[in-house]
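Engineer: Pasting run.txt here (compact mmCIF, N, CA and C atoms):
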# COMPACT_ATOMS: atom_id res chain seq x y z
N MET A 1 98.05 -176.17 28.58
CA MET A 1 98.89 -176.83 29.55
C MET A 1 100.36 -176.70 29.16
N GLY A 2 100.77 -177.05 27.97
CA GLY A 2 102.15 -176.86 27.53
C GLY A 2 103.08 -177.99 27.93
N LEU A 3 104.33 -177.85 27.51
CA LEU A 3 105.35 -178.83 27.81
C LEU A 3 105.93 -178.61 29.19
N LYS A 4 106.31 -179.70 29.84
CA LYS A 4 106.99 -179.60 31.12
C LYS A 4 108.49 -179.52 30.88
N HIS A 5 109.13 -178.59 31.56
CA HIS A 5 110.57 -178.44 31.45
C HIS A 5 111.26 -179.46 32.34
N ARG A 6 112.24 -180.18 31.79
CA ARG A 6 113.03 -181.10 32.59
C ARG A 6 114.45 -180.55 32.69
N ASP A 7 115.06 -180.74 33.85
CA ASP A 7 116.43 -180.28 34.06
C ASP A 7 117.41 -181.21 33.36
N TYR A 8 118.39 -180.61 32.70
CA TYR A 8 119.50 -181.34 32.10
C TYR A 8 120.68 -181.16 33.03
N LEU A 9 121.26 -182.24 33.51
CA LEU A 9 122.35 -182.17 34.48
C LEU A 9 123.69 -182.40 33.80
N SER A 10 124.69 -181.64 34.23
CA SER A 10 126.06 -181.88 33.77
C SER A 10 126.94 -181.96 35.00
N SER A 11 127.98 -182.75 34.89
CA SER A 11 128.82 -182.99 36.05
C SER A 11 130.17 -183.52 35.59
N SER A 12 131.17 -183.31 36.42
CA SER A 12 132.48 -183.90 36.14
C SER A 12 132.47 -185.38 36.54
N GLU A 13 131.45 -185.79 37.30
CA GLU A 13 131.28 -187.19 37.67
C GLU A 13 130.09 -187.77 36.90
N LYS A 14 129.62 -188.94 37.32
CA LYS A 14 128.50 -189.60 36.64
C LYS A 14 127.20 -188.81 36.75
N VAL A 15 126.41 -188.90 35.69
CA VAL A 15 125.02 -188.42 35.71
C VAL A 15 124.15 -189.66 35.59
N PHE A 16 123.20 -189.81 36.51
CA PHE A 16 122.30 -190.96 36.51
C PHE A 16 120.97 -190.57 35.88
N GLY A 17 120.41 -191.49 35.08
CA GLY A 17 119.14 -191.24 34.43
C GLY A 17 118.20 -192.42 34.59
N CYS A 18 116.96 -192.20 34.22
CA CYS A 18 115.93 -193.24 34.22
C CYS A 18 116.36 -194.36 33.27
N HIS A 19 116.25 -195.60 33.69
CA HIS A 19 116.67 -196.72 32.86
C HIS A 19 115.81 -196.88 31.62
N LYS A 20 114.61 -196.34 31.65
CA LYS A 20 113.67 -196.52 30.54
C LYS A 20 113.80 -195.42 29.48
N CYS A 21 113.89 -194.14 29.92
CA CYS A 21 113.88 -193.04 28.95
C CYS A 21 115.12 -192.14 29.02
N LYS A 22 116.03 -192.41 29.95
CA LYS A 22 117.30 -191.69 30.12
C LYS A 22 117.16 -190.25 30.62
N THR A 23 115.99 -189.87 31.11
CA THR A 23 115.83 -188.54 31.71
C THR A 23 116.79 -188.40 32.89
N HIS A 24 117.50 -187.29 32.95
CA HIS A 24 118.48 -187.06 34.01
C HIS A 24 117.80 -186.97 35.37
N LEU A 25 118.40 -187.63 36.37
CA LEU A 25 117.83 -187.68 37.72
C LEU A 25 118.74 -187.07 38.78
N SER A 26 120.01 -187.41 38.75
CA SER A 26 120.94 -186.89 39.76
C SER A 26 122.37 -187.16 39.31
N THR A 27 123.32 -186.70 40.11
CA THR A 27 124.73 -186.91 39.81
C THR A 27 125.41 -187.61 40.98
N ALA A 28 126.60 -188.14 40.72
CA ALA A 28 127.35 -188.87 41.74
C ALA A 28 127.67 -188.01 42.95
N GLU A 29 127.79 -186.69 42.77
CA GLU A 29 128.08 -185.80 43.90
C GLU A 29 127.00 -185.83 44.97
N PHE A 30 125.79 -186.20 44.60
CA PHE A 30 124.66 -186.19 45.53
C PHE A 30 124.39 -187.55 46.19
N ILE A 31 125.25 -188.54 45.94
CA ILE A 31 125.09 -189.83 46.61
C ILE A 31 125.60 -189.70 48.04
N GLU A 32 124.72 -189.98 48.99
CA GLU A 32 125.13 -189.98 50.40
C GLU A 32 125.56 -191.38 50.84
N SER A 33 124.90 -192.41 50.30
CA SER A 33 125.24 -193.77 50.69
C SER A 33 124.86 -194.75 49.58
N LYS A 34 125.68 -195.79 49.44
CA LYS A 34 125.39 -196.87 48.50
C LYS A 34 124.98 -198.14 49.24
N ASN A 35 124.73 -198.02 50.54
CA ASN A 35 124.44 -199.18 51.38
C ASN A 35 122.95 -199.35 51.68
N PHE A 36 122.12 -199.28 50.65
CA PHE A 36 120.69 -199.45 50.81
C PHE A 36 120.19 -200.55 49.90
N ASN A 37 119.02 -201.08 50.22
CA ASN A 37 118.37 -202.10 49.40
C ASN A 37 116.95 -201.66 49.08
N GLY A 38 116.51 -201.99 47.88
CA GLY A 38 115.14 -201.70 47.45
C GLY A 38 114.46 -202.98 47.02
N GLN A 39 113.34 -202.85 46.35
CA GLN A 39 112.59 -204.01 45.86
C GLN A 39 113.38 -204.79 44.81
N HIS A 40 114.23 -204.10 44.06
CA HIS A 40 114.95 -204.73 42.95
C HIS A 40 116.44 -204.92 43.26
N GLY A 41 116.81 -204.90 44.53
CA GLY A 41 118.21 -205.10 44.89
C GLY A 41 118.84 -203.84 45.48
N ARG A 42 120.11 -203.61 45.15
CA ARG A 42 120.86 -202.47 45.70
C ARG A 42 120.22 -201.14 45.33
N ALA A 43 120.43 -200.15 46.22
CA ALA A 43 119.87 -198.82 46.01
C ALA A 43 120.81 -197.78 46.60
N TYR A 44 120.71 -196.55 46.11
CA TYR A 44 121.55 -195.44 46.58
C TYR A 44 120.67 -194.40 47.27
N LEU A 45 121.21 -193.80 48.34
CA LEU A 45 120.56 -192.68 49.01
C LEU A 45 121.15 -191.39 48.45
N PHE A 46 120.28 -190.54 47.87
CA PHE A 46 120.69 -189.27 47.28
C PHE A 46 120.16 -188.11 48.12
N THR A 47 120.93 -187.04 48.16
CA THR A 47 120.47 -185.82 48.84
C THR A 47 119.65 -184.93 47.91
N GLU A 48 119.86 -185.09 46.60
CA GLU A 48 119.12 -184.28 45.64
C GLU A 48 118.80 -185.09 44.40
N VAL A 49 117.54 -185.01 43.94
CA VAL A 49 117.08 -185.70 42.74
C VAL A 49 116.20 -184.73 41.96
N ARG A 50 116.31 -184.76 40.64
CA ARG A 50 115.53 -183.89 39.76
C ARG A 50 114.64 -184.73 38.85
N ASN A 51 113.69 -184.06 38.21
CA ASN A 51 112.85 -184.66 37.17
C ASN A 51 112.07 -185.88 37.64
N VAL A 52 111.56 -185.81 38.88
CA VAL A 52 110.71 -186.87 39.41
C VAL A 52 109.41 -186.26 39.93
N VAL A 53 108.39 -187.09 40.03
CA VAL A 53 107.14 -186.72 40.67
C VAL A 53 106.91 -187.68 41.83
N SER A 54 106.33 -187.15 42.90
CA SER A 54 106.11 -187.94 44.12
C SER A 54 104.67 -188.41 44.21
N GLY A 55 104.51 -189.62 44.71
CA GLY A 55 103.18 -190.18 44.94
C GLY A 55 102.64 -189.76 46.30
N ASP A 56 101.60 -190.40 46.73
CA ASP A 56 100.97 -190.10 48.02
C ASP A 56 101.81 -190.70 49.15
N PRO A 57 101.81 -190.03 50.31
CA PRO A 57 102.57 -190.58 51.44
C PRO A 57 101.91 -191.83 52.01
N GLU A 58 102.75 -192.76 52.45
CA GLU A 58 102.24 -193.97 53.12
C GLU A 58 103.27 -194.45 54.13
N ASP A 59 102.77 -195.01 55.22
CA ASP A 59 103.65 -195.59 56.22
C ASP A 59 104.06 -196.98 55.75
N ARG A 60 105.40 -197.23 55.77
CA ARG A 60 105.93 -198.52 55.33
C ARG A 60 106.88 -199.07 56.37
N PRO A 61 106.67 -200.31 56.81
CA PRO A 61 107.67 -200.93 57.67
C PRO A 61 108.87 -201.34 56.82
N MET A 62 110.06 -200.93 57.25
CA MET A 62 111.29 -201.26 56.54
C MET A 62 112.25 -201.92 57.52
N THR A 63 113.37 -202.38 57.04
CA THR A 63 114.32 -203.09 57.90
C THR A 63 114.82 -202.21 59.04
N THR A 64 114.81 -200.90 58.86
CA THR A 64 115.29 -199.97 59.90
C THR A 64 114.15 -199.34 60.69
N GLY A 65 112.93 -199.86 60.54
CA GLY A 65 111.79 -199.33 61.29
C GLY A 65 110.73 -198.75 60.38
N LEU A 66 109.73 -198.16 61.00
CA LEU A 66 108.61 -197.58 60.26
C LEU A 66 108.99 -196.20 59.72
N HIS A 67 108.65 -195.96 58.44
CA HIS A 67 108.91 -194.68 57.80
C HIS A 67 107.68 -194.25 57.01
N THR A 68 107.48 -192.94 56.89
CA THR A 68 106.49 -192.41 55.95
C THR A 68 107.25 -192.05 54.69
N VAL A 69 106.86 -192.68 53.57
CA VAL A 69 107.57 -192.51 52.31
C VAL A 69 106.59 -192.20 51.18
N ARG A 70 107.15 -191.69 50.08
CA ARG A 70 106.39 -191.47 48.85
C ARG A 70 107.18 -192.11 47.71
N ASP A 71 106.52 -192.89 46.89
CA ASP A 71 107.19 -193.41 45.70
C ASP A 71 107.54 -192.24 44.79
N ILE A 72 108.68 -192.32 44.13
CA ILE A 72 109.05 -191.29 43.14
C ILE A 72 109.13 -191.93 41.77
N SER A 73 108.60 -191.21 40.78
CA SER A 73 108.53 -191.70 39.40
C SER A 73 109.19 -190.70 38.47
N CYS A 74 109.69 -191.19 37.36
CA CYS A 74 110.27 -190.34 36.33
C CYS A 74 109.20 -189.37 35.81
N SER A 75 109.56 -188.10 35.70
CA SER A 75 108.59 -187.11 35.24
C SER A 75 108.24 -187.26 33.76
N LYS A 76 109.07 -187.97 33.00
CA LYS A 76 108.79 -188.16 31.57
C LYS A 76 107.99 -189.43 31.32
N CYS A 77 108.51 -190.59 31.74
CA CYS A 77 107.86 -191.87 31.39
C CYS A 77 107.03 -192.47 32.53
N LYS A 78 107.09 -191.87 33.72
CA LYS A 78 106.30 -192.29 34.89
C LYS A 78 106.74 -193.61 35.52
N GLU A 79 107.89 -194.13 35.14
CA GLU A 79 108.43 -195.35 35.74
C GLU A 79 108.77 -195.09 37.21
N VAL A 80 108.35 -195.98 38.11
CA VAL A 80 108.69 -195.84 39.54
C VAL A 80 110.17 -196.19 39.70
N LEU A 81 110.92 -195.28 40.31
CA LEU A 81 112.38 -195.39 40.42
C LEU A 81 112.87 -195.65 41.84
N GLY A 82 112.03 -195.32 42.82
CA GLY A 82 112.43 -195.44 44.22
C GLY A 82 111.43 -194.73 45.11
N TRP A 83 111.93 -194.08 46.16
CA TRP A 83 111.04 -193.36 47.08
C TRP A 83 111.79 -192.24 47.77
N THR A 84 111.03 -191.37 48.41
CA THR A 84 111.59 -190.31 49.24
C THR A 84 111.03 -190.46 50.65
N TYR A 85 111.83 -190.07 51.62
CA TYR A 85 111.44 -190.18 53.02
C TYR A 85 110.79 -188.89 53.51
N ASP A 86 109.55 -188.98 54.00
CA ASP A 86 108.87 -187.84 54.62
C ASP A 86 109.07 -187.82 56.13
N LYS A 87 109.12 -189.02 56.74
CA LYS A 87 109.21 -189.10 58.20
C LYS A 87 109.87 -190.42 58.59
N ALA A 88 110.72 -190.34 59.62
CA ALA A 88 111.31 -191.54 60.22
C ALA A 88 110.87 -191.57 61.68
N TYR A 89 110.33 -192.68 62.11
CA TYR A 89 109.82 -192.78 63.47
C TYR A 89 110.91 -193.08 64.49
N GLU A 90 112.01 -193.68 64.04
CA GLU A 90 113.15 -193.98 64.91
C GLU A 90 114.10 -192.79 64.92
N PRO A 91 114.51 -192.30 66.08
CA PRO A 91 115.43 -191.15 66.13
C PRO A 91 116.73 -191.37 65.35
N SER A 92 117.24 -192.59 65.34
CA SER A 92 118.50 -192.86 64.64
C SER A 92 118.35 -192.80 63.12
N GLN A 93 117.13 -192.75 62.62
CA GLN A 93 116.88 -192.75 61.18
C GLN A 93 116.48 -191.38 60.63
N GLN A 94 116.50 -190.36 61.45
CA GLN A 94 116.08 -189.02 61.05
C GLN A 94 116.91 -188.45 59.89
N TYR A 95 118.14 -188.91 59.74
CA TYR A 95 119.01 -188.38 58.67
C TYR A 95 118.44 -188.65 57.27
N LYS A 96 117.51 -189.60 57.14
CA LYS A 96 116.93 -189.95 55.84
C LYS A 96 115.84 -188.99 55.39
N VAL A 97 115.24 -188.26 56.31
CA VAL A 97 114.10 -187.41 55.99
C VAL A 97 114.50 -186.35 54.96
N GLY A 98 113.70 -186.24 53.90
CA GLY A 98 113.96 -185.29 52.83
C GLY A 98 114.93 -185.80 51.77
N LYS A 99 115.39 -187.04 51.91
CA LYS A 99 116.33 -187.61 50.95
C LYS A 99 115.63 -188.66 50.10
N PHE A 100 116.35 -189.16 49.10
CA PHE A 100 115.74 -189.99 48.06
C PHE A 100 116.49 -191.30 47.89
N ILE A 101 115.74 -192.36 47.68
CA ILE A 101 116.31 -193.66 47.29
C ILE A 101 116.03 -193.86 45.81
N LEU A 102 117.10 -194.12 45.04
CA LEU A 102 116.97 -194.56 43.66
C LEU A 102 117.53 -195.97 43.59
N GLU A 103 116.72 -196.89 43.08
CA GLU A 103 117.15 -198.27 42.97
C GLU A 103 118.12 -198.42 41.79
N LYS A 104 119.22 -199.08 42.05
CA LYS A 104 120.27 -199.24 41.04
C LYS A 104 119.73 -199.87 39.76
N ALA A 105 118.81 -200.81 39.87
CA ALA A 105 118.23 -201.48 38.70
C ALA A 105 117.37 -200.54 37.86
N MET A 106 116.97 -199.41 38.44
CA MET A 106 116.05 -198.51 37.75
C MET A 106 116.75 -197.28 37.16
N ILE A 107 118.08 -197.20 37.33
CA ILE A 107 118.84 -196.06 36.82
C ILE A 107 120.00 -196.54 35.95
N VAL A 108 120.47 -195.65 35.07
CA VAL A 108 121.61 -195.93 34.20
C VAL A 108 122.53 -194.71 34.21
N ASP A 109 123.80 -194.94 33.84
CA ASP A 109 124.73 -193.83 33.62
C ASP A 109 124.41 -193.23 32.26
N VAL A 110 124.13 -191.92 32.24
CA VAL A 110 123.84 -191.30 30.94
C VAL A 110 125.00 -190.44 30.46
N ILE A 111 125.86 -190.03 31.36
CA ILE A 111 127.07 -189.27 30.97
C ILE A 111 128.22 -189.78 31.81
Step by step, read the file and then write its structure as structure tokens.

Structural biologist:
Amino acid sequence: MGLKHRDYLSSSEKVFGCHKCKTHLSTAEFIESKNFNGQHGRAYLFTEVRNVVSGDPEDRPMTTGLHTVRDISCSKCKEVLGWTYDKAYEPSQQYKVGKFILEKAMIVDVI
């Protein structure tokens, strides 16, 4: 089976990592919005996230309507960090599809 390769991110701005093991997840350049909420409080919408694994899709009612989402976990320590959007049922919410929510409480600045 072997070791899994994880991406190391570098940026002139912040690099965000898993709060538990500091595995790099994304950079400030990929934040689309800071106006989201998760289970643990504030959350950020990212256009690109690395070093995560996705769970099974499930329909979840959210404040903006019904969405099909997958929980995303750190590829190293398996901590659940947020979710990704597979489908938005409301036309006004289509911009979220293919993007990622990382909960602020579950990430740290690593660089």

Engineer: Using atom CA of A:Glu58 and atom N of A:Gln93 as the two end points, give the distance in Å to one decimal.

Structural biologist: 17.7 Å

Engineer: Go through A:Val53, A:Thr27, A:Ser10, A:Phe36 and flag the residue nearest A:Glu79, using only C-alpha atoms for the distances.

Structural biologist: A:Val53

Engineer: Counting all atoms listed in the file, which residues sit no farther than 8 Å from the position (116.8, -183.7, 43.5) in the file's frame? I'd like them as a list in words.

Structural biologist: Leu25, Ser26, Thr27, Phe46, Thr47, Glu48, Val49, Arg50, Asn51, Val52 and Phe100 of chain A

Engineer: Where's the centre, and what are the edge lengths in Å to one decimal, of a box along x, y and z enclosing all listed atoms of stretch 6-13 of chain A padded 5 Å per side, as lines of an AutoDock Vina configuration file?

Structural biologist:
center_x = 122.4
center_y = -184.0
center_z = 34.7
size_x = 30.2
size_y = 17.6
size_z = 15.9

Engineer: Go through A:Gly65, A:Tyr8, A:Asp71, A:Tyr89 and flag the residue nearest A:Lys22, using only C-alpha atoms for the distances.

Structural biologist: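 Smallest distance to A:Lys22 is found for A:Tyr8.
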